[in-house]
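model-v8.pdb, holding PDB, C-alpha atoms (C1' of nucleotides):
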ATOM      1  CA  MET S   1     139.464 -12.811   8.344  1.00  0.00           C
ATOM      2  CA  ALA S   2     138.833 -14.383   4.984  1.00  0.00           C
ATOM      3  CA  ILE S   3     136.123 -13.221   2.637  1.00  0.00           C
ATOM      4  CA  GLU S   4     133.116 -15.493   2.661  1.00  0.00           C
ATOM      5  CA  PRO S   5     131.586 -15.743  -0.804  1.00  0.00           C
ATOM      6  CA  GLU S   6     128.293 -16.902   0.664  1.00  0.00           C
ATOM      7  CA  LEU S   7     128.035 -13.904   2.908  1.00  0.00           C
ATOM      8  CA  VAL S   8     128.899 -11.559   0.111  1.00  0.00           C
ATOM      9  CA  LYS S   9     126.183 -13.118  -1.971  1.00  0.00           C
ATOM     10  CA  SER S  10     123.657 -12.800   0.827  1.00  0.00           C
ATOM     11  CA  ALA S  11     124.602  -9.209   1.449  1.00  0.00           C
ATOM     12  CA  ASN S  12     124.108  -8.347  -2.190  1.00  0.00           C
ATOM     13  CA  GLU S  13     120.782 -10.093  -2.087  1.00  0.00           C
ATOM     14  CA  ALA S  14     119.729  -8.111   0.954  1.00  0.00           C
ATOM     15  CA  LEU S  15     120.739  -4.924  -0.790  1.00  0.00           C
ATOM     16  CA  ALA S  16     118.784  -5.865  -3.864  1.00  0.00           C
ATOM     17  CA  ILE S  17     115.722  -6.533  -1.749  1.00  0.00           C
ATOM     18  CA  ALA S  18     116.135  -3.287   0.146  1.00  0.00           C
ATOM     19  CA  GLU S  19     116.318  -1.387  -3.092  1.00  0.00           C
ATOM     20  CA  GLY S  20     113.266  -3.124  -4.412  1.00  0.00           C
ATOM     21  CA  ARG S  21     115.175  -4.855  -7.182  1.00  0.00           C
ATOM     22  CA  LEU S  22     114.304  -8.242  -5.771  1.00  0.00           C
ATOM     23  CA  GLU S  23     111.399  -9.890  -4.014  1.00  0.00           C
ATOM     24  CA  PRO S  24     112.212 -11.173  -0.549  1.00  0.00           C
ATOM     25  CA  ALA S  25     112.221 -14.958  -0.471  1.00  0.00           C
ATOM     26  CA  ALA S  26     109.729 -16.781   1.658  1.00  0.00           C
ATOM     27  CA  VAL S  27     110.990 -16.354   5.163  1.00  0.00           C
ATOM     28  CA  PHE S  28     110.521 -18.807   7.948  1.00  0.00           C
ATOM     29  CA  GLU S  29     108.436 -16.757  10.269  1.00  0.00           C
ATOM     30  CA  PRO S  30     109.556 -17.260  13.858  1.00  0.00           C
ATOM     31  CA  ALA S  31     105.926 -18.080  14.317  1.00  0.00           C
ATOM     32  CA  THR S  32     105.627 -17.205  17.918  1.00  0.00           C
ATOM     33  CA  VAL S  33     102.512 -18.267  19.682  1.00  0.00           C
ATOM     34  CA  ASP S  34     101.631 -17.267  23.172  1.00  0.00           C
ATOM     35  CA  VAL S  35     100.169 -20.509  24.364  1.00  0.00           C
ATOM     36  CA  ALA S  36      99.756 -19.248  27.901  1.00  0.00           C
ATOM     37  CA  ALA S  37      97.727 -16.308  26.658  1.00  0.00           C
ATOM     38  CA  ILE S  38      95.459 -18.492  24.593  1.00  0.00           C
ATOM     39  CA  ARG S  39      94.978 -20.773  27.548  1.00  0.00           C
ATOM     40  CA  LYS S  40      94.367 -18.022  30.048  1.00  0.00           C
ATOM     41  CA  ALA S  41      91.851 -16.413  27.747  1.00  0.00           C
ATOM     42  CA  GLN S  42      89.816 -19.513  28.410  1.00  0.00           C
ATOM     43  CA  ASN S  43      90.487 -19.505  32.121  1.00  0.00           C
ATOM     44  CA  LEU S  44      92.043 -22.918  32.150  1.00  0.00           C
ATOM     45  CA  SER S  45      94.979 -24.254  34.096  1.00  0.00           C
ATOM     46  CA  GLN S  46      97.698 -25.997  32.123  1.00  0.00           C
ATOM     47  CA  GLY S  47      96.310 -29.301  33.238  1.00  0.00           C
ATOM     48  CA  ARG S  48      92.739 -28.604  32.274  1.00  0.00           C
ATOM     49  CA  PHE S  49      93.773 -27.084  28.995  1.00  0.00           C
ATOM     50  CA  ALA S  50      95.775 -30.150  28.107  1.00  0.00           C
ATOM     51  CA  GLU S  51      92.961 -32.427  29.114  1.00  0.00           C
ATOM     52  CA  ARG S  52      90.373 -30.406  27.235  1.00  0.00           C
ATOM     53  CA  TYR S  53      92.216 -30.636  23.967  1.00  0.00           C
ATOM     54  CA  GLY S  54      93.709 -34.056  24.405  1.00  0.00           C
ATOM     55  CA  LEU S  55      97.264 -32.838  24.475  1.00  0.00           C
ATOM     56  CA  PRO S  56      99.983 -34.015  26.835  1.00  0.00           C
ATOM     57  CA  LEU S  57     100.479 -31.687  29.756  1.00  0.00           C
ATOM     58  CA  SER S  58     104.222 -31.926  29.356  1.00  0.00           C
ATOM     59  CA  THR S  59     103.971 -30.663  25.820  1.00  0.00           C
ATOM     60  CA  ILE S  60     101.898 -27.678  26.868  1.00  0.00           C
ATOM     61  CA  ARG S  61     104.505 -26.931  29.489  1.00  0.00           C
ATOM     62  CA  ASP S  62     107.336 -27.126  26.989  1.00  0.00           C
ATOM     63  CA  TRP S  63     105.542 -24.682  24.767  1.00  0.00           C
ATOM     64  CA  GLU S  64     104.727 -22.225  27.505  1.00  0.00           C
ATOM     65  CA  GLN S  65     108.180 -22.337  28.984  1.00  0.00           C
ATOM     66  CA  GLY S  66     109.741 -21.754  25.608  1.00  0.00           C
ATOM     67  CA  ARG S  67     111.715 -24.929  25.764  1.00  0.00           C
ATOM     68  CA  ARG S  68     110.116 -26.230  22.598  1.00  0.00           C
ATOM     69  CA  ARG S  69     108.308 -24.479  19.821  1.00  0.00           C
ATOM     70  CA  PRO S  70     105.122 -25.959  18.444  1.00  0.00           C
ATOM     71  CA  ASP S  71     105.575 -27.273  14.939  1.00  0.00           C
ATOM     72  CA  ARG S  72     103.388 -26.122  12.085  1.00  0.00           C
ATOM     73  CA  ALA S  73     100.497 -28.456  12.738  1.00  0.00           C
ATOM     74  CA  ALA S  74     100.512 -27.581  16.428  1.00  0.00           C
ATOM     75  CA  HIS S  75     100.783 -23.953  15.545  1.00  0.00           C
ATOM     76  CA  LEU S  76      97.753 -24.048  13.338  1.00  0.00           C
ATOM     77  CA  LEU S  77      95.873 -26.030  15.926  1.00  0.00           C
ATOM     78  CA  LEU S  78      96.632 -23.447  18.573  1.00  0.00           C
ATOM     79  CA  ARG S  79      95.278 -20.726  16.377  1.00  0.00           C
ATOM     80  CA  LEU S  80      92.146 -22.746  15.908  1.00  0.00           C
ATOM     81  CA  ILE S  81      91.837 -23.259  19.623  1.00  0.00           C
ATOM     82  CA  GLU S  82      92.241 -19.564  20.062  1.00  0.00           C
ATOM     83  CA  ALA S  83      89.660 -18.581  17.494  1.00  0.00           C
ATOM     84  CA  GLU S  84      87.185 -21.425  17.756  1.00  0.00           C
ATOM     85  CA  PRO S  85      87.654 -23.190  21.066  1.00  0.00           C
ATOM     86  CA  ASP S  86      84.245 -24.786  21.102  1.00  0.00           C
ATOM     87  CA  VAL S  87      84.493 -26.136  17.578  1.00  0.00           C
ATOM     88  CA  VAL S  88      87.793 -27.762  18.429  1.00  0.00           C
ATOM     89  CA  ALA S  89      86.491 -29.163  21.675  1.00  0.00           C
ATOM     90  CA  ARG S  90      83.429 -30.539  19.964  1.00  0.00           C
ATOM     91  CA  ILE S  91      85.369 -32.319  17.249  1.00  0.00           C
ATOM     92  CA  LEU S  92      87.709 -33.740  19.802  1.00  0.00           C
ATOM     93  CA  SER S  93      84.985 -35.094  22.035  1.00  0.00           C
ATOM     94  CA  SER S  94      83.108 -36.659  19.170  1.00  0.00           C
ATOM     95  CA  SER S  95      84.535 -40.119  18.798  1.00  0.00           C
ATOM     96  CA  GLU S  96      87.056 -40.356  21.560  1.00  0.00           C
TER      97      GLU S  96
ATOM     98  CA  MET K   1     114.461 -69.717  26.853  1.00  0.00           C
ATOM     99  CA  ALA K   2     114.783 -67.853  30.097  1.00  0.00           C
ATOM    100  CA  ILE K   3     111.813 -66.679  32.080  1.00  0.00           C
ATOM    101  CA  GLU K   4     111.196 -62.975  31.711  1.00  0.00           C
ATOM    102  CA  PRO K   5     109.957 -61.471  34.977  1.00  0.00           C
ATOM    103  CA  GLU K   6     108.490 -58.495  33.143  1.00  0.00           C
ATOM    104  CA  LEU K   7     106.454 -60.686  30.875  1.00  0.00           C
ATOM    105  CA  VAL K   8     105.228 -62.768  33.755  1.00  0.00           C
ATOM    106  CA  LYS K   9     104.151 -59.629  35.522  1.00  0.00           C
ATOM    107  CA  SER K  10     102.348 -58.356  32.441  1.00  0.00           C
ATOM    108  CA  ALA K  11     100.632 -61.652  31.940  1.00  0.00           C
ATOM    109  CA  ASN K  12      99.368 -61.662  35.479  1.00  0.00           C
ATOM    110  CA  GLU K  13      98.163 -58.139  34.998  1.00  0.00           C
ATOM    111  CA  ALA K  14      96.315 -59.093  31.861  1.00  0.00           C
ATOM    112  CA  LEU K  15      94.712 -61.979  33.705  1.00  0.00           C
ATOM    113  CA  ALA K  16      93.649 -59.707  36.533  1.00  0.00           C
ATOM    114  CA  ILE K  17      92.083 -57.320  34.085  1.00  0.00           C
ATOM    115  CA  ALA K  18      90.339 -60.107  32.243  1.00  0.00           C
ATOM    116  CA  GLU K  19      88.887 -61.374  35.493  1.00  0.00           C
ATOM    117  CA  GLY K  20      87.755 -57.921  36.432  1.00  0.00           C
ATOM    118  CA  ARG K  21      90.047 -57.723  39.403  1.00  0.00           C
ATOM    119  CA  LEU K  22      91.853 -54.776  37.893  1.00  0.00           C
ATOM    120  CA  GLU K  23      91.031 -51.746  35.801  1.00  0.00           C
ATOM    121  CA  PRO K  24      92.804 -51.617  32.468  1.00  0.00           C
ATOM    122  CA  ALA K  25      95.373 -48.847  32.391  1.00  0.00           C
ATOM    123  CA  ALA K  26      95.029 -46.010  29.936  1.00  0.00           C
ATOM    124  CA  VAL K  27      96.137 -47.408  26.638  1.00  0.00           C
ATOM    125  CA  PHE K  28      97.913 -45.485  23.958  1.00  0.00           C
ATOM    126  CA  GLU K  29      95.493 -45.702  21.137  1.00  0.00           C
ATOM    127  CA  PRO K  30      97.302 -46.444  17.881  1.00  0.00           C
ATOM    128  CA  ALA K  31      95.428 -43.427  16.649  1.00  0.00           C
ATOM    129  CA  THR K  32      95.517 -44.195  13.005  1.00  0.00           C
ATOM    130  CA  VAL K  33      94.440 -41.475  10.635  1.00  0.00           C
ATOM    131  CA  ASP K  34      93.940 -41.936   6.976  1.00  0.00           C
ATOM    132  CA  VAL K  35      95.383 -38.692   5.758  1.00  0.00           C
ATOM    133  CA  ALA K  36      95.034 -39.662   2.122  1.00  0.00           C
ATOM    134  CA  ALA K  37      91.336 -40.315   2.622  1.00  0.00           C
ATOM    135  CA  ILE K  38      90.775 -36.978   4.293  1.00  0.00           C
ATOM    136  CA  ARG K  39      92.656 -35.276   1.522  1.00  0.00           C
ATOM    137  CA  LYS K  40      90.916 -37.105  -1.287  1.00  0.00           C
ATOM    138  CA  ALA K  41      87.552 -36.350   0.230  1.00  0.00           C
ATOM    139  CA  GLN K  42      88.377 -32.779  -0.612  1.00  0.00           C
ATOM    140  CA  ASN K  43      89.685 -33.576  -4.050  1.00  0.00           C
ATOM    141  CA  LEU K  44      93.103 -32.160  -3.444  1.00  0.00           C
ATOM    142  CA  SER K  45      96.506 -33.360  -4.519  1.00  0.00           C
ATOM    143  CA  GLN K  46      99.146 -33.738  -1.833  1.00  0.00           C
ATOM    144  CA  GLY K  47     100.665 -30.508  -2.950  1.00  0.00           C
ATOM    145  CA  ARG K  48      97.479 -28.501  -2.877  1.00  0.00           C
ATOM    146  CA  PHE K  49      96.413 -29.998   0.401  1.00  0.00           C
ATOM    147  CA  ALA K  50      99.707 -29.032   1.990  1.00  0.00           C
ATOM    148  CA  GLU K  51      99.502 -25.573   0.567  1.00  0.00           C
ATOM    149  CA  ARG K  52      95.903 -25.094   1.603  1.00  0.00           C
ATOM    150  CA  TYR K  53      96.593 -25.874   5.215  1.00  0.00           C
ATOM    151  CA  GLY K  54     100.042 -24.429   5.449  1.00  0.00           C
ATOM    152  CA  LEU K  55     101.708 -27.735   6.078  1.00  0.00           C
ATOM    153  CA  PRO K  56     104.960 -28.938   4.513  1.00  0.00           C
ATOM    154  CA  LEU K  57     104.395 -31.237   1.591  1.00  0.00           C
ATOM    155  CA  SER K  58     107.094 -33.540   2.845  1.00  0.00           C
ATOM    156  CA  THR K  59     105.266 -33.980   6.094  1.00  0.00           C
ATOM    157  CA  ILE K  60     102.031 -34.864   4.342  1.00  0.00           C
ATOM    158  CA  ARG K  61     103.942 -37.402   2.335  1.00  0.00           C
ATOM    159  CA  ASP K  62     105.486 -38.951   5.407  1.00  0.00           C
ATOM    160  CA  TRP K  63     102.060 -39.326   6.931  1.00  0.00           C
ATOM    161  CA  GLU K  64     100.444 -40.829   3.868  1.00  0.00           C
ATOM    162  CA  GLN K  65     103.300 -43.181   3.220  1.00  0.00           C
ATOM    163  CA  GLY K  66     103.227 -44.361   6.788  1.00  0.00           C
ATOM    164  CA  ARG K  67     106.801 -43.405   7.396  1.00  0.00           C
ATOM    165  CA  ARG K  68     105.826 -41.076  10.207  1.00  0.00           C
ATOM    166  CA  ARG K  69     102.734 -40.863  12.317  1.00  0.00           C
ATOM    167  CA  PRO K  70     101.198 -37.496  13.088  1.00  0.00           C
ATOM    168  CA  ASP K  71     101.631 -36.535  16.706  1.00  0.00           C
ATOM    169  CA  ARG K  72      98.678 -35.633  18.884  1.00  0.00           C
ATOM    170  CA  ALA K  73      98.386 -32.048  17.811  1.00  0.00           C
ATOM    171  CA  ALA K  74      98.633 -33.004  14.168  1.00  0.00           C
ATOM    172  CA  HIS K  75      96.171 -35.778  14.754  1.00  0.00           C
ATOM    173  CA  LEU K  76      93.601 -33.446  16.213  1.00  0.00           C
ATOM    174  CA  LEU K  77      94.225 -30.952  13.455  1.00  0.00           C
ATOM    175  CA  LEU K  78      93.601 -33.603  10.825  1.00  0.00           C
ATOM    176  CA  ARG K  79      90.314 -34.464  12.403  1.00  0.00           C
ATOM    177  CA  LEU K  80      89.386 -30.822  12.336  1.00  0.00           C
ATOM    178  CA  ILE K  81      90.351 -30.578   8.696  1.00  0.00           C
ATOM    179  CA  GLU K  82      88.225 -33.598   8.041  1.00  0.00           C
ATOM    180  CA  ALA K  83      85.183 -32.322   9.870  1.00  0.00           C
ATOM    181  CA  GLU K  84      85.432 -28.596   9.315  1.00  0.00           C
ATOM    182  CA  PRO K  85      87.695 -27.931   6.361  1.00  0.00           C
ATOM    183  CA  ASP K  86      86.385 -24.456   5.709  1.00  0.00           C
ATOM    184  CA  VAL K  87      86.713 -23.323   9.306  1.00  0.00           C
ATOM    185  CA  VAL K  88      90.317 -24.454   9.350  1.00  0.00           C
ATOM    186  CA  ALA K  89      91.082 -22.840   6.025  1.00  0.00           C
ATOM    187  CA  ARG K  90      89.490 -19.623   7.129  1.00  0.00           C
ATOM    188  CA  ILE K  91      91.447 -19.364  10.357  1.00  0.00           C
ATOM    189  CA  LEU K  92      94.616 -20.161   8.534  1.00  0.00           C
ATOM    190  CA  SER K  93      94.134 -17.531   5.881  1.00  0.00           C
ATOM    191  CA  SER K  94      93.237 -14.856   8.368  1.00  0.00           C
ATOM    192  CA  SER K  95      96.483 -13.232   9.343  1.00  0.00           C
ATOM    193  CA  GLU K  96      99.014 -14.992   7.247  1.00  0.00           C
TER     194      GLU K  96
ATOM    195  C1'  DT Y   1     100.468 -25.315  62.419  1.00  0.00           C
ATOM    196  C1'  DC Y   2     101.134 -28.636  59.105  1.00  0.00           C
ATOM    197  C1'  DA Y   3      99.961 -32.108  55.578  1.00  0.00           C
ATOM    198  C1'  DG Y   4      98.129 -32.212  51.053  1.00  0.00           C
ATOM    199  C1'  DA Y   5      96.135 -30.730  46.769  1.00  0.00           C
ATOM    200  C1'  DG Y   6      96.610 -27.706  42.735  1.00  0.00           C
ATOM    201  C1'  DT Y   7      99.442 -24.840  39.695  1.00  0.00           C
ATOM    202  C1'  DG Y   8     103.552 -23.525  37.509  1.00  0.00           C
ATOM    203  C1'  DT Y   9     108.795 -23.363  36.497  1.00  0.00           C
ATOM    204  C1'  DA Y  10     112.818 -25.959  35.175  1.00  0.00           C
ATOM    205  C1'  DC Y  11     115.190 -29.522  33.025  1.00  0.00           C
ATOM    206  C1'  DG Y  12     117.324 -34.431  31.886  1.00  0.00           C
ATOM    207  C1'  DG Y  13     116.780 -37.634  28.268  1.00  0.00           C
ATOM    208  C1'  DC Y  14     115.560 -40.870  24.462  1.00  0.00           C
ATOM    209  C1'  DA Y  15     112.788 -42.195  20.802  1.00  0.00           C
ATOM    210  C1'  DA Y  16     110.385 -40.310  17.169  1.00  0.00           C
ATOM    211  C1'  DT Y  17     108.879 -36.894  14.285  1.00  0.00           C
ATOM    212  C1'  DG Y  18     109.357 -32.611  11.344  1.00  0.00           C
ATOM    213  C1'  DC Y  19     111.015 -31.137   7.312  1.00  0.00           C
ATOM    214  C1'  DC Y  20     114.389 -30.737   3.599  1.00  0.00           C
ATOM    215  C1'  DG Y  21     116.256 -32.958  -0.395  1.00  0.00           C
ATOM    216  C1'  DT Y  22     116.746 -36.350  -4.195  1.00  0.00           C
ATOM    217  C1'  DA Y  23     115.692 -40.424  -7.013  1.00  0.00           C
ATOM    218  C1'  DT Y  24     112.208 -43.077  -9.470  1.00  0.00           C
ATOM    219  C1'  DA Y  25     107.855 -44.056 -12.013  1.00  0.00           C
ATOM    220  C1'  DG Y  26     103.276 -43.614 -14.249  1.00  0.00           C
ATOM    221  C1'  DG Y  27      99.790 -40.516 -16.635  1.00  0.00           C
ATOM    222  C1'  DC Y  28      98.748 -36.648 -19.821  1.00  0.00           C
ATOM    223  C1'  DG Y  29      98.625 -32.841 -22.997  1.00  0.00           C
ATOM    224  C1'  DG Y  30     101.391 -30.618 -26.805  1.00  0.00           C
TER     225       DG Y  30
ATOM    226  C1'  DC A   1     109.495 -37.234 -27.226  1.00  0.00           C
ATOM    227  C1'  DC A   2     109.644 -33.872 -23.742  1.00  0.00           C
ATOM    228  C1'  DG A   3     107.837 -31.442 -19.926  1.00  0.00           C
ATOM    229  C1'  DC A   4     104.581 -31.209 -16.118  1.00  0.00           C
ATOM    230  C1'  DC A   5     101.979 -33.072 -12.370  1.00  0.00           C
ATOM    231  C1'  DT A   6     101.368 -36.560  -8.969  1.00  0.00           C
ATOM    232  C1'  DA A   7     102.796 -39.966  -5.969  1.00  0.00           C
ATOM    233  C1'  DT A   8     106.064 -43.505  -3.792  1.00  0.00           C
ATOM    234  C1'  DA A   9     110.383 -44.239  -1.392  1.00  0.00           C
ATOM    235  C1'  DC A  10     113.954 -43.101   1.462  1.00  0.00           C
ATOM    236  C1'  DG A  11     118.528 -40.774   3.411  1.00  0.00           C
ATOM    237  C1'  DG A  12     119.499 -37.748   7.087  1.00  0.00           C
ATOM    238  C1'  DC A  13     119.944 -34.277  10.807  1.00  0.00           C
ATOM    239  C1'  DA A  14     118.084 -30.967  13.845  1.00  0.00           C
ATOM    240  C1'  DT A  15     114.336 -30.481  16.692  1.00  0.00           C
ATOM    241  C1'  DT A  16     110.389 -31.706  18.962  1.00  0.00           C
ATOM    242  C1'  DG A  17     107.122 -34.887  21.489  1.00  0.00           C
ATOM    243  C1'  DC A  18     106.371 -36.746  25.611  1.00  0.00           C
ATOM    244  C1'  DC A  19     107.616 -39.025  29.941  1.00  0.00           C
ATOM    245  C1'  DG A  20     109.542 -38.375  34.394  1.00  0.00           C
ATOM    246  C1'  DT A  21     111.416 -35.886  38.518  1.00  0.00           C
ATOM    247  C1'  DA A  22     112.552 -31.997  41.485  1.00  0.00           C
ATOM    248  C1'  DC A  23     111.234 -27.332  43.514  1.00  0.00           C
ATOM    249  C1'  DA A  24     108.579 -23.388  44.870  1.00  0.00           C
ATOM    250  C1'  DC A  25     104.321 -21.111  45.979  1.00  0.00           C
ATOM    251  C1'  DT A  26      99.441 -20.644  47.409  1.00  0.00           C
ATOM    252  C1'  DC A  27      95.331 -22.175  49.355  1.00  0.00           C
ATOM    253  C1'  DT A  28      92.472 -25.098  52.271  1.00  0.00           C
ATOM    254  C1'  DG A  29      90.945 -28.134  55.779  1.00  0.00           C
ATOM    255  C1'  DA A  30      92.132 -30.921  60.034  1.00  0.00           C
TER     256       DA A  30
END

Rendering of file as structure tokens:
Amino acid sequence: MAIEPELVKSANEALAIAEGRLEPAAVFEPATVDVAAIRKAQNLSQGRFAERYGLPLSTIRDWEQGRRRPDRAAHLLLRLIEAEPDVVARILSSSE
Amino acid sequence: MAIEPELVKSANEALAIAEGRLEPAAVFEPATVDVAAIRKAQNLSQGRFAERYGLPLSTIRDWEQGRRRPDRAAHLLLRLIEAEPDVVARILSSSE
DNA sequence: TCAGAGTGTACGGCAATGCCGTATAGGCGG
DNA sequence: CCGCCTATACGGCATTGCCGTACACTCTGA
């Protein structure tokens, strides 16, 4: 197996970070969100949840089934729905 | 020019709706959002806006330049940012 | 007992977006 | 004149958004 310069570089970087000689770069957080949990905390079925927040049912399904991962905007929105469900619902209903 | 059965069908449908014989189907609202306006209302540059709400600058750009249109989740999020900027910022900052 | 409604899992599939990068241009302070 | 900030424009690929269909399970009323 040939030596991969890129891997060597990365390994040295990891070592440097581990030893505190380097700051870890911004990492792309897996950003997991338990959509089902957020939804269930509000006692809503997938359908009613989707309807309540104006999102496509199929998209909710994809998220819950792990087939797709919500992008950043969706991610933030979900956290808002989790923390302030009524505020979100109010904004949505106003002017729609 | 050949007759297009689909168009004829649509035309008849439109007529039926116009005459009240049929309910208009759910229409996909163009759902335009003036991201730049929302951002400027908060006196933020594209960069600071993106940073403030944890969104990729490139995505903000795409939206403002009309190259891409925010999907439903993003759309709702933008309306939340517009109406309740501080609530959104607060939720975002908590736990990140 | 069985048809039907409601809920959820699973997945095919295409158009469209998300997000990264680079090039270009105008304004501004040093 | 150079560097910095801000914004427009766009190439490009992986991934998602969203629609549709098929199945399985549970509950309810005829």

**Asked** Taking all atoms listed in the file into account, what are the residues of chain A at most 9 Å from chain S, put as JSON, numbers by chain?
**Response** {"A": [15, 16, 17, 18, 19]}

Could the residues of chain Y that have an atom at most 10 Å from chain K be listed as a Markdown table, each with its closest atom pair and the distance in Å to one decimal, counting all atoms listed in the file and ordered by chain and ascending residue number?
| residue | atom | partner | partner_atom | distance |
| --- | --- | --- | --- | --- |
| Y:DA16 | C1' | K:Arg68 | CA | 8.4 |
| Y:DT17 | C1' | K:Arg68 | CA | 6.6 |
| Y:DG18 | C1' | K:Thr59 | CA | 6.8 |
| Y:DC19 | C1' | K:Ser58 | CA | 6.4 |
| Y:DC20 | C1' | K:Ser58 | CA | 7.9 |
| Y:DG21 | C1' | K:Ser58 | CA | 9.7 |

query: Between C1' of DC11 (chain Y) and C1' of DC23 (chain A), what is the spacing in Å?
result: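 Here the two named atoms are 11.4 Å from each other.
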
Residues in the PyMOL selection byres ((chain S) within 9 of (chain K)), expressed as a PyMOL selection string
chain S and resi 53-56+72-80+83-84+87-88+91-92

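Taking CA of Ile60 (chain S) as the reference point, C1' of DT9 (chain Y) is found at 12.6 Å.
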
| query | Which residue gives the smallest distance to DG26 (chain Y) among A:DA14, A:DA30, A:DA7, A:DC1, with all atoms listed in the file counted? | reply |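 Between A:DA14, A:DA30, A:DA7, A:DC1, the residue approaching DG26 (chain Y) most closely is A:DA7.
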
For this file, the PyMOL selection byres ((chain Y and resi 27) around 12) selects which residues, as a list in words?
->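 Checking the PyMOL selection byres ((chain Y and resi 27) around 12) against this file, the residues are DA25, DG26, DC28 and DG29 of chain Y; DC4, DC5, DT6 and DA7 of chain A.
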
Would you output that residue set with C-alpha atoms (C1' of nucleotides), as a CSV table (one decimal), in the coordinates of the input?
chain,number,residue,atom,x,y,z
Y,25,DA,C1',107.9,-44.1,-12.0
Y,26,DG,C1',103.3,-43.6,-14.2
Y,28,DC,C1',98.7,-36.6,-19.8
Y,29,DG,C1',98.6,-32.8,-23.0
A,4,DC,C1',104.6,-31.2,-16.1
A,5,DC,C1',102.0,-33.1,-12.4
A,6,DT,C1',101.4,-36.6,-9.0
A,7,DA,C1',102.8,-40.0,-6.0

note - CA of Glu64 (chain K) and CA of Pro85 (chain S) are separated by 27.8 Å

Hits of the PyMOL selection byres ((chain S and resi 39) around 12) in this structure, as an NGL selection string = :S and (33-38 or 40-53 or 60-61 or 63-64 or 78-79 or 81-83 or 85)

- request: Identify, on the basis of only C-alpha atoms (C1' of nucleotides), every residue whose closest approach to DT24 (chain Y) does not exceed 10 Å; exclude the query and any residue fewer than 2 positions from it along the same chain; express the result as a list in words.
  value: DT22 of chain Y; DT8 and DA9 of chain A

Which neighbours of DA5 (chain Y) fall inside 12 Å, counting all atoms listed in the file, when residues of the same chain fewer than 5 positions from it are skipped, and could you give them as a short mmCIF file (atom, residue, chain, number, x, y, z; two decimals) with C-alpha atoms (C1' of nucleotides), keeping the file's coordinate frame?
data_model
loop_
_atom_site.label_atom_id
_atom_site.label_comp_id
_atom_site.auth_asym_id
_atom_site.auth_seq_id
_atom_site.Cartn_x
_atom_site.Cartn_y
_atom_site.Cartn_z
"C1'" DT A 26 99.44 -20.64 47.41
"C1'" DC A 27 95.33 -22.18 49.36
"C1'" DT A 28 92.47 -25.10 52.27
"C1'" DG A 29 90.94 -28.13 55.78
#
